[in-house]
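Undergrad: Okay, here's the structure, questions in a sec.
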Amino acid sequence: MSFGSSMRRKTGLAVGACAALVLVGSAGTVAWKQQADELRPVGAWHEATAADRTPVSLAEAGTGAATEARPQQQSIPRRKTAGEKLPESEDPRTHAEPVKQKREIVEESAAAAAAKGRQKVGELLTVGKILGYARKPARESFRYPGASYVKLHFDRMMMLPGDYVTVSDAEGEESYRYDAPPLLEGMSVDKWAMSVTGDTAVVEVHRTADPLGARSLGQHSLAKDLGVRVDRAARGFSRTEQKGVPEESLTAPGRTGREESVCGSDESRDAVCYKAKDPVAYTRSKAVARLLIDGTELCTGWRVGTKNRMLTNNHCFDSSDTAYDTEVWFNYQCAACGGYDTYKPTKVWGDQVLATNRTLDYTLFTVENFKAVQKFGFLTLDTARPAKGQPLYVPQHPAGDPARIAGVLGDKADNCGVSDPGYTGYTADSDVSYYCDTEGGSSGSPVLSRKTNKVVALHHFGGCPNSGVRADLLSRQLASKL
């Protein structure tokens with residue numbers, strides 16, 4: 001097993017957050033301000049002139065200077081063994097100056113993303129940049145104008161003991177630390193860093209003191225191999241680019257349906273719009289997370305039960321290797337109904353897949369740093385089979401937007417209700433169908449009953465009607481693991 005797939009990460013979210021809409025980007029800059037309370041907005045994009053479905057997706061240009069902040073980071077050099085506690089150390093801020101660089105684009109198959117049912121929100125670029133030792137620079141900026149996020153991949157992290165790498169945004173407001181692995185293991189790694197918001201990621205190799213004389217390697221044959229290499233980068237699509245990406249929603253086998261999963265006019269709203277009129281639905285939406293998979297694709301996931309457990313679709317991912325490189329974003333919500341500020345998201349890594357099933361299209365997995373996301377609450381599977389006409393609501397991250405909820409505000413359910421409680425998904429009678437509005441990226445969302453506020457289905461198919469796997473079936477399958 002390579003070092004990249006075996007090492008443990010414990011990178012924490014730095015103070016200073018992302019702005020609304022990370023995944024649709026901007027040609028401008030973010031206006032940042034630090035807030036101590038993560039339930040307050042910390043970033044803003046200013047409104048564009050055009051009108052789109054989602055107010056946040058109008059995000060275009062922002063102005064303003066960043067306030068100074070000291071980021072909070074944690075580092076994890078390897079996968080921990082059972083019962084082992086890994087040390088945490090404080091990382092100084094990384095200051096960065098954006099530098100334009102040319103990169104070779106690696107084309108990816110849109111058909112492959114569609115086959116997985118994951119919404120494509122970025123592209124992979126080849127880089128091939130070494131830094132850190134000898135005549136190599138210790139710091140490098142990777143800037144892709146207009147990108148909504150930048151996520152870097154390392155295939156070498158060969159550093160001397162005590163040295164470490166930080167990956168930060170241009171202002172040093174969001175920063176993550178990665179410690180040196182054992183020297184020889186660092187020659188070949190497979191390591192994604194946590195994404196940073198905006199169009200610039202800054203990598204810096206930090207050299208430490210050498211009390212044991214390790215730097216006396218001098219002319220040793222290993223000396224020439226020292227360095228950190230960024231071989232790839234994931235660049236988030238700009239707003240304009242994202243609008244041109246087809247929605248990737250799966251439809252039930254044997255049904256063509258429409259590509260879109262918005263049935264009629266879109267009646268979903270920013271989750272915060274429900275805060276006063278439907279506070280229970282708003283509170284439940286906090287347990288729903290945005291998943292960034294393989295650096296360029298999206299699904300939705302949510303916390304189920306009181307333990308460290310998350311649910312999404314099997315077609316989103318089905319292995320611990322993929323979960324391990326999946327970012328799980330909690331509290332990525334708009335601060336005001338129809339506004340442009342967002343709350344500071346809390347990012348954690350996915351960890352272990354505990355159970356997965358293609359026919360019922362579920363994956364149950366855990367996350368790292370579970371304590372950081374416990375405060376956002378959890379959802380419960382309804383053990384009763386839903387009834388026809390039962391009113392529903394669906395908290396989700398359609399197309400990677402900040403959290404939205406489908407289902408008309410207040411008591412009226414409109415078309416967001418159970419259409420067929422015995423719909424055929426991958427097998428007969430496995431699903432519940434409904435006309436609640438969803439989009440690409442909504443795969444893995446919970447479908448909740450307005451009557452019980454419990455999850456009655458795990459959304460996975462678009463096509464109008466849309467459908468989700470019955471929660472009563474999931475409950476029986478997963479009872480021993482929740």
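By convention in this document, the chains of the structure tokens carry letters A, B, ... by their order, each chain's residues are numbered from 1, and ligands are numbered from 1 in the order they are shown.
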Please return, as a list of chain:residue names, all residues of segment 281-452 of chain A that DSSP assigns to helix (DSSP H, G or I) on the basis of the backbone.
TA: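 Helix (DSSP H, G or I) assignments inside segment 281-452 of chain A correspond to A:Ala281, A:Tyr282, A:Thr283, A:Arg284, A:Ser285, A:Ser320, A:Asp321, A:Thr322, A:Ala323, A:Tyr324, A:Phe370, A:Lys371, A:Ala372, A:Gln374, A:Lys375, A:Phe376, A:Pro398, A:Ala399, A:Gly400.
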Undergrad: Using only C-alpha atoms, determine which residues lie at most 9 Å from Lys286 of chain A, disregarding the query and same-chain residues fewer than 5 positions distant; provide the list as a PyMOL selection string.
TA: chain A and resi 271+302+330-333+376-378+395+403
Undergrad: Write the selection just made, keeping N, CA and C atoms, as a PDB file, in the first residue's frame?
TA:
```
ATOM      1  N   ALA A 271     -31.678  26.954   2.402  1.00  0.00           N
ATOM      2  CA  ALA A 271     -32.111  26.339   3.665  1.00  0.00           C
ATOM      3  C   ALA A 271     -32.476  27.384   4.708  1.00  0.00           C
ATOM      4  N   TRP A 302     -25.149  12.714   4.488  1.00  0.00           N
ATOM      5  CA  TRP A 302     -25.756  13.206   5.720  1.00  0.00           C
ATOM      6  C   TRP A 302     -25.443  12.263   6.866  1.00  0.00           C
ATOM      7  N   PHE A 330     -19.685  20.411   6.169  1.00  0.00           N
ATOM      8  CA  PHE A 330     -20.880  20.712   6.956  1.00  0.00           C
ATOM      9  C   PHE A 330     -21.062  22.230   7.074  1.00  0.00           C
ATOM     10  N   ASN A 331     -22.304  22.638   7.262  1.00  0.00           N
ATOM     11  CA  ASN A 331     -22.652  24.044   7.489  1.00  0.00           C
ATOM     12  C   ASN A 331     -22.332  24.935   6.298  1.00  0.00           C
ATOM     13  N   TYR A 332     -22.344  24.367   5.107  1.00  0.00           N
ATOM     14  CA  TYR A 332     -22.168  25.190   3.912  1.00  0.00           C
ATOM     15  C   TYR A 332     -23.550  25.699   3.515  1.00  0.00           C
ATOM     16  N   GLN A 333     -23.960  26.808   4.154  1.00  0.00           N
ATOM     17  CA  GLN A 333     -25.293  27.361   3.987  1.00  0.00           C
ATOM     18  C   GLN A 333     -25.231  28.872   3.814  1.00  0.00           C
ATOM     19  N   PHE A 376     -23.643  19.589  14.502  1.00  0.00           N
ATOM     20  CA  PHE A 376     -24.608  19.859  13.442  1.00  0.00           C
ATOM     21  C   PHE A 376     -25.788  18.896  13.461  1.00  0.00           C
ATOM     22  N   GLY A 377     -25.790  17.981  14.415  1.00  0.00           N
ATOM     23  CA  GLY A 377     -26.939  17.108  14.594  1.00  0.00           C
ATOM     24  C   GLY A 377     -26.935  15.907  13.676  1.00  0.00           C
ATOM     25  N   PHE A 378     -28.031  15.147  13.730  1.00  0.00           N
ATOM     26  CA  PHE A 378     -28.125  13.913  12.958  1.00  0.00           C
ATOM     27  C   PHE A 378     -29.569  13.676  12.556  1.00  0.00           C
ATOM     28  N   PRO A 395     -33.541  18.312   2.041  1.00  0.00           N
ATOM     29  CA  PRO A 395     -32.349  19.162   2.162  1.00  0.00           C
ATOM     30  C   PRO A 395     -31.227  18.568   1.320  1.00  0.00           C
ATOM     31  N   ALA A 403     -26.588  24.773   0.969  1.00  0.00           N
ATOM     32  CA  ALA A 403     -27.741  23.918   1.238  1.00  0.00           C
ATOM     33  C   ALA A 403     -29.061  24.564   0.814  1.00  0.00           C
TER      34      ALA A 403
END
```
Undergrad: Pick out the residues sitting within 6 Å of Val165 of chain A, and hand them over as a compact mmCIF listing (two decimals) with N, CA, C and O atoms, in the first residue's frame; count only C-alpha atoms, and ignore anything fewer than 2 positions along from it in its own chain.
TA:
```txt
# COMPACT_ATOMS: atom_id res chain seq x y z
N ARG A 177 -1.90 21.73 7.13
CA ARG A 177 -0.51 21.29 7.32
C ARG A 177 -0.38 19.78 7.13
O ARG A 177 -1.23 19.01 7.54
N TYR A 178 0.74 19.38 6.51
CA TYR A 178 1.04 17.98 6.27
C TYR A 178 2.49 17.72 6.67
O TYR A 178 3.41 18.30 6.10
N GLU A 204 3.99 25.75 0.67
CA GLU A 204 5.26 26.15 1.27
C GLU A 204 5.85 25.00 2.06
O GLU A 204 5.16 24.34 2.85
N VAL A 205 7.14 24.73 1.83
CA VAL A 205 7.87 23.73 2.60
C VAL A 205 8.57 24.43 3.75
O VAL A 205 9.34 25.37 3.54
N HIS A 206 8.29 24.00 4.96
CA HIS A 206 8.84 24.62 6.16
C HIS A 206 9.99 23.76 6.68
O HIS A 206 9.80 22.58 6.99
```
Undergrad: Considering only C-alpha atoms, can you say which of A:Ala406, A:Val280, A:Ala180, A:Leu298 comes closest to Arg118 of chain A?
TA: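 The shortest atom-to-atom distance to Arg118 of chain A comes from A:Leu298.
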Undergrad: If we count only C-alpha atoms, what is near Ser188 of chain A at a cut-off of 7 Å, once residues fewer than 3 positions away on the same chain are taken out, given as a PyMOL selection string?
TA: chain A and resi 155-156+185
Undergrad: Which residues in segment 357-414 of chain A does DSSP call strand (DSSP E or B)? List them as a ChimeraX atom specification.
TA: /A:357,362-367,379,381,391-396,404-406
Undergrad: With only C-alpha atoms as the counted atoms, please give the residues lying no more than 12 Å from Lys451 of chain A, apart from itself and same-chain residues fewer than 3 positions off, as a PyMOL selection string.
TA: chain A and resi 280-281+382+386-387+389-393+411-413+417+448+454-456
Undergrad: Between A:Ala372, A:Leu482, A:Val353, A:Ala336, which has the minimum distance to Ala276 of chain A (counting only C-alpha atoms)?
TA: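 Among the listed residues, the smallest separation from Ala276 of chain A belongs to A:Ala336.
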